[in-house]
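Just query_2.pdb here, PDB, C-alpha atoms, pLDDT in the B column:
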```pdb
ATOM      1  CA  MET A 218      69.576  93.309 152.940  1.00 48.00           C
ATOM      2  CA  TYR A 219      69.815  90.027 154.839  1.00 48.00           C
ATOM      3  CA  VAL A 220      70.475  86.997 152.664  1.00 52.00           C
ATOM      4  CA  PRO A 221      70.390  83.632 154.463  1.00 52.00           C
ATOM      5  CA  SER A 222      73.213  81.211 153.785  1.00 51.00           C
ATOM      6  CA  ALA A 223      72.621  77.812 152.218  1.00 48.00           C
ATOM      7  CA  THR A 224      72.645  76.204 155.677  1.00 51.00           C
ATOM      8  CA  THR A 225      70.031  78.498 157.235  1.00 57.00           C
ATOM      9  CA  ASN A 226      66.455  79.170 156.355  1.00 65.00           C
ATOM     10  CA  PRO A 227      65.049  81.762 158.771  1.00 70.00           C
ATOM     11  CA  SER A 228      61.447  82.785 158.595  1.00 86.00           C
ATOM     12  CA  PRO A 229      60.662  86.076 156.850  1.00 90.00           C
ATOM     13  CA  LEU A 230      60.010  87.626 160.279  1.00 92.00           C
ATOM     14  CA  MET A 231      63.451  86.565 161.544  1.00 91.00           C
ATOM     15  CA  GLY A 232      65.035  87.889 158.368  1.00 90.00           C
ATOM     16  CA  GLU A 233      63.293  91.210 158.956  1.00 91.00           C
ATOM     17  CA  LEU A 234      64.490  91.241 162.578  1.00 91.00           C
ATOM     18  CA  ILE A 235      68.073  90.629 161.455  1.00 88.00           C
ATOM     19  CA  GLU A 236      67.830  93.479 158.937  1.00 89.00           C
ATOM     20  CA  LEU A 237      66.339  95.777 161.578  1.00 86.00           C
ATOM     21  CA  LEU A 238      69.130  94.979 164.045  1.00 83.00           C
ATOM     22  CA  GLY A 239      71.636  95.883 161.347  1.00 83.00           C
ATOM     23  CA  GLU A 240      70.223  99.404 161.478  1.00 80.00           C
ATOM     24  CA  PHE A 241      70.884  99.729 165.222  1.00 74.00           C
ATOM     25  CA  PRO A 242      72.347 103.205 165.757  1.00 66.00           C
ATOM     26  CA  ALA A 243      76.011 103.225 166.717  1.00 64.00           C
ATOM     27  CA  ASP A 244      75.565 106.491 168.595  1.00 71.00           C
ATOM     28  CA  ARG A 245      72.850 107.740 170.913  1.00 69.00           C
ATOM     29  CA  ASN A 246      70.263 108.888 168.404  1.00 70.00           C
ATOM     30  CA  GLU A 247      66.913 109.257 170.156  1.00 74.00           C
ATOM     31  CA  GLY A 248      64.844 109.696 166.997  1.00 77.00           C
ATOM     32  CA  ARG A 249      66.341 106.680 165.307  1.00 80.00           C
ATOM     33  CA  SER A 250      66.019 104.592 168.468  1.00 81.00           C
ATOM     34  CA  GLU A 251      62.334 105.497 168.775  1.00 86.00           C
ATOM     35  CA  SER A 252      61.772 104.537 165.160  1.00 88.00           C
ATOM     36  CA  LEU A 253      63.474 101.171 165.667  1.00 89.00           C
ATOM     37  CA  MET A 254      61.432 100.527 168.836  1.00 90.00           C
ATOM     38  CA  GLU A 255      58.232 101.238 166.905  1.00 93.00           C
ATOM     39  CA  ARG A 256      59.325  98.889 164.134  1.00 93.00           C
ATOM     40  CA  LEU A 257      60.172  96.176 166.687  1.00 93.00           C
ATOM     41  CA  ALA A 258      56.731  96.587 168.287  1.00 95.00           C
ATOM     42  CA  SER A 259      55.105  96.293 164.860  1.00 95.00           C
ATOM     43  CA  LEU A 260      57.194  93.240 164.028  1.00 95.00           C
ATOM     44  CA  GLU A 261      56.206  91.613 167.322  1.00 95.00           C
ATOM     45  CA  ALA A 262      52.511  92.335 166.690  1.00 96.00           C
ATOM     46  CA  ARG A 263      52.747  90.751 163.232  1.00 95.00           C
ATOM     47  CA  ALA A 264      54.634  87.754 164.624  1.00 95.00           C
ATOM     48  CA  ARG A 265      51.859  87.209 167.162  1.00 95.00           C
ATOM     49  CA  ALA A 266      49.169  87.639 164.507  1.00 96.00           C
ATOM     50  CA  TYR A 267      50.847  84.991 162.328  1.00 93.00           C
ATOM     51  CA  SER A 268      51.396  82.633 165.307  1.00 93.00           C
ATOM     52  CA  ALA A 269      55.164  82.762 164.832  1.00 93.00           C
ATOM     53  CA  PRO A 270      57.274  80.188 166.704  1.00 92.00           C
ATOM     54  CA  ALA A 271      58.179  80.972 170.306  1.00 93.00           C
ATOM     55  CA  GLU A 272      61.835  81.393 169.280  1.00 93.00           C
ATOM     56  CA  THR A 273      60.909  84.175 166.877  1.00 94.00           C
ATOM     57  CA  LEU A 274      58.876  86.008 169.512  1.00 95.00           C
ATOM     58  CA  ALA A 275      61.681  85.582 172.054  1.00 95.00           C
ATOM     59  CA  ALA A 276      64.243  86.985 169.606  1.00 95.00           C
ATOM     60  CA  ILE A 277      62.079  90.044 168.930  1.00 95.00           C
ATOM     61  CA  GLN A 278      61.444  90.600 172.643  1.00 95.00           C
ATOM     62  CA  GLY A 279      65.161  90.215 173.344  1.00 94.00           C
ATOM     63  CA  ALA A 280      65.946  92.848 170.726  1.00 92.00           C
ATOM     64  CA  ARG A 281      63.458  95.200 172.391  1.00 92.00           C
ATOM     65  CA  VAL A 282      65.171  94.657 175.764  1.00 91.00           C
ATOM     66  CA  LEU A 283      68.576  95.387 174.215  1.00 87.00           C
ATOM     67  CA  MET A 284      67.228  98.597 172.674  1.00 85.00           C
ATOM     68  CA  GLU A 285      65.835  99.654 176.060  1.00 85.00           C
ATOM     69  CA  LEU A 286      69.171  98.909 177.733  1.00 84.00           C
ATOM     70  CA  ALA A 287      71.005 100.909 175.078  1.00 78.00           C
ATOM     71  CA  GLU A 288      68.863 103.919 175.977  1.00 79.00           C
ATOM     72  CA  LEU A 289      69.975 103.916 179.631  1.00 79.00           C
ATOM     73  CA  PRO A 290      72.441 106.599 180.661  1.00 80.00           C
ATOM     74  CA  PRO A 291      76.083 105.509 180.772  1.00 78.00           C
ATOM     75  CA  LEU A 292      77.450 104.010 183.980  1.00 75.00           C
ATOM     76  CA  PRO A 293      79.790 106.066 186.160  1.00 77.00           C
ATOM     77  CA  ARG A 294      83.368 106.111 184.974  1.00 74.00           C
ATOM     78  CA  ASP A 295      84.490 103.310 187.290  1.00 69.00           C
ATOM     79  CA  GLY A 296      81.704 101.138 185.874  1.00 58.00           C
ATOM     80  CA  LEU A 297      80.019 100.272 189.162  1.00 63.00           C
ATOM     81  CA  PRO A 298      77.825 102.220 191.557  1.00 61.00           C
ATOM     82  CA  SER A 299      79.561 102.982 194.862  1.00 61.00           C
ATOM     83  CA  HIS A 300      77.357 100.496 196.783  1.00 62.00           C
ATOM     84  CA  ALA A 301      77.991  97.537 194.450  1.00 56.00           C
ATOM     85  CA  ALA A 302      80.105  94.639 195.635  1.00 55.00           C
ATOM     86  CA  ARG A 303      83.520  94.456 194.036  1.00 50.00           C
TER      87      ARG A 303
END
```
In structure tokens, what does this structure look like?
Amino acid sequence: MYVPSATTNPSPLMGELIELLGEFPADRNEGRSESLMERLASLEARARAYSAPAETLAAIQGARVLMELAELPPLPRDGLPSHAAR
């Protein structure tokens, strides 16, 4: 469970986001990833409903983008497509 330090005081929604990100799967686990995406969508909907600060919404949206990127297939072994500038 996330416990803010004495110098920080995040909103409950940000605390929940931090906890959720701590559950990010280390391996490619489609079921777990789908569950986390659903929870992020729910968290974003609640943040909008409660008129959360723009920073909170941006953090949630950024987490969703990172989850989507994590679901992409791995790059080729050399790391770059053959047509990319080196």
Quiz item: Quick one: of A:Leu289, A:Met254, A:Leu234, A:Gly239, who's nearest to A:Ala275, counting all atoms listed in the file?
Solution: A:Leu234
Around all the atoms of stretch 236-255 of chain A listed in the file, draw an axis-aligned box and extend it by 3 Å on each of the six sides; I want its centre and edge lengths in Å to one decimal, as lines of an AutoDock Vina configuration file.
```
center_x = 67.1
center_y = 101.6
center_z = 164.9
size_x = 23.8
size_y = 22.2
size_z = 18.0
```
Exercise. Evaluate the PyMOL selection byres ((chain A and resi 230) around 9) and record the selected residues as a ChimeraX atom specification, following the chain and residue labels used in the document.
Key: /A:227-229,231-235,260-261,263-264,269,273
Self-check item: Gap from atom CA of A:Val282 to atom CA of A:Gly248 - Å, one decimal
Solution: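 If I compute the distance from atom CA of A:Val282 to atom CA of A:Gly248, I get 17.4 Å.
Distance-wise, atom CA of A:Ala262 and atom CA of A:Ser250 end up 18.3 Å apart.
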Practice problem: For atom CA of A:Pro290 and atom CA of A:Gln278, quote the distance in Å rounded to one decimal. | Solution: 21.0 Å
Quiz item: Nearest to A:Leu257: which of A:Arg281, A:Glu240, A:Ala276, A:Ala287 is it, counting only C-alpha atoms?
Solution: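 Result for the nearest residue to A:Leu257: A:Arg281.
In terms of minimum interatomic distance to A:Leu274, A:Ala258 ranks closest within A:Leu292, A:Leu238, A:Leu286, A:Ala258, counting only C-alpha atoms.
With all atoms listed in the file as the atoms that count, the residue of A:Met284, A:Ile277, A:Pro291, A:Glu247 with the shortest distance to A:Ser259 is A:Ile277.
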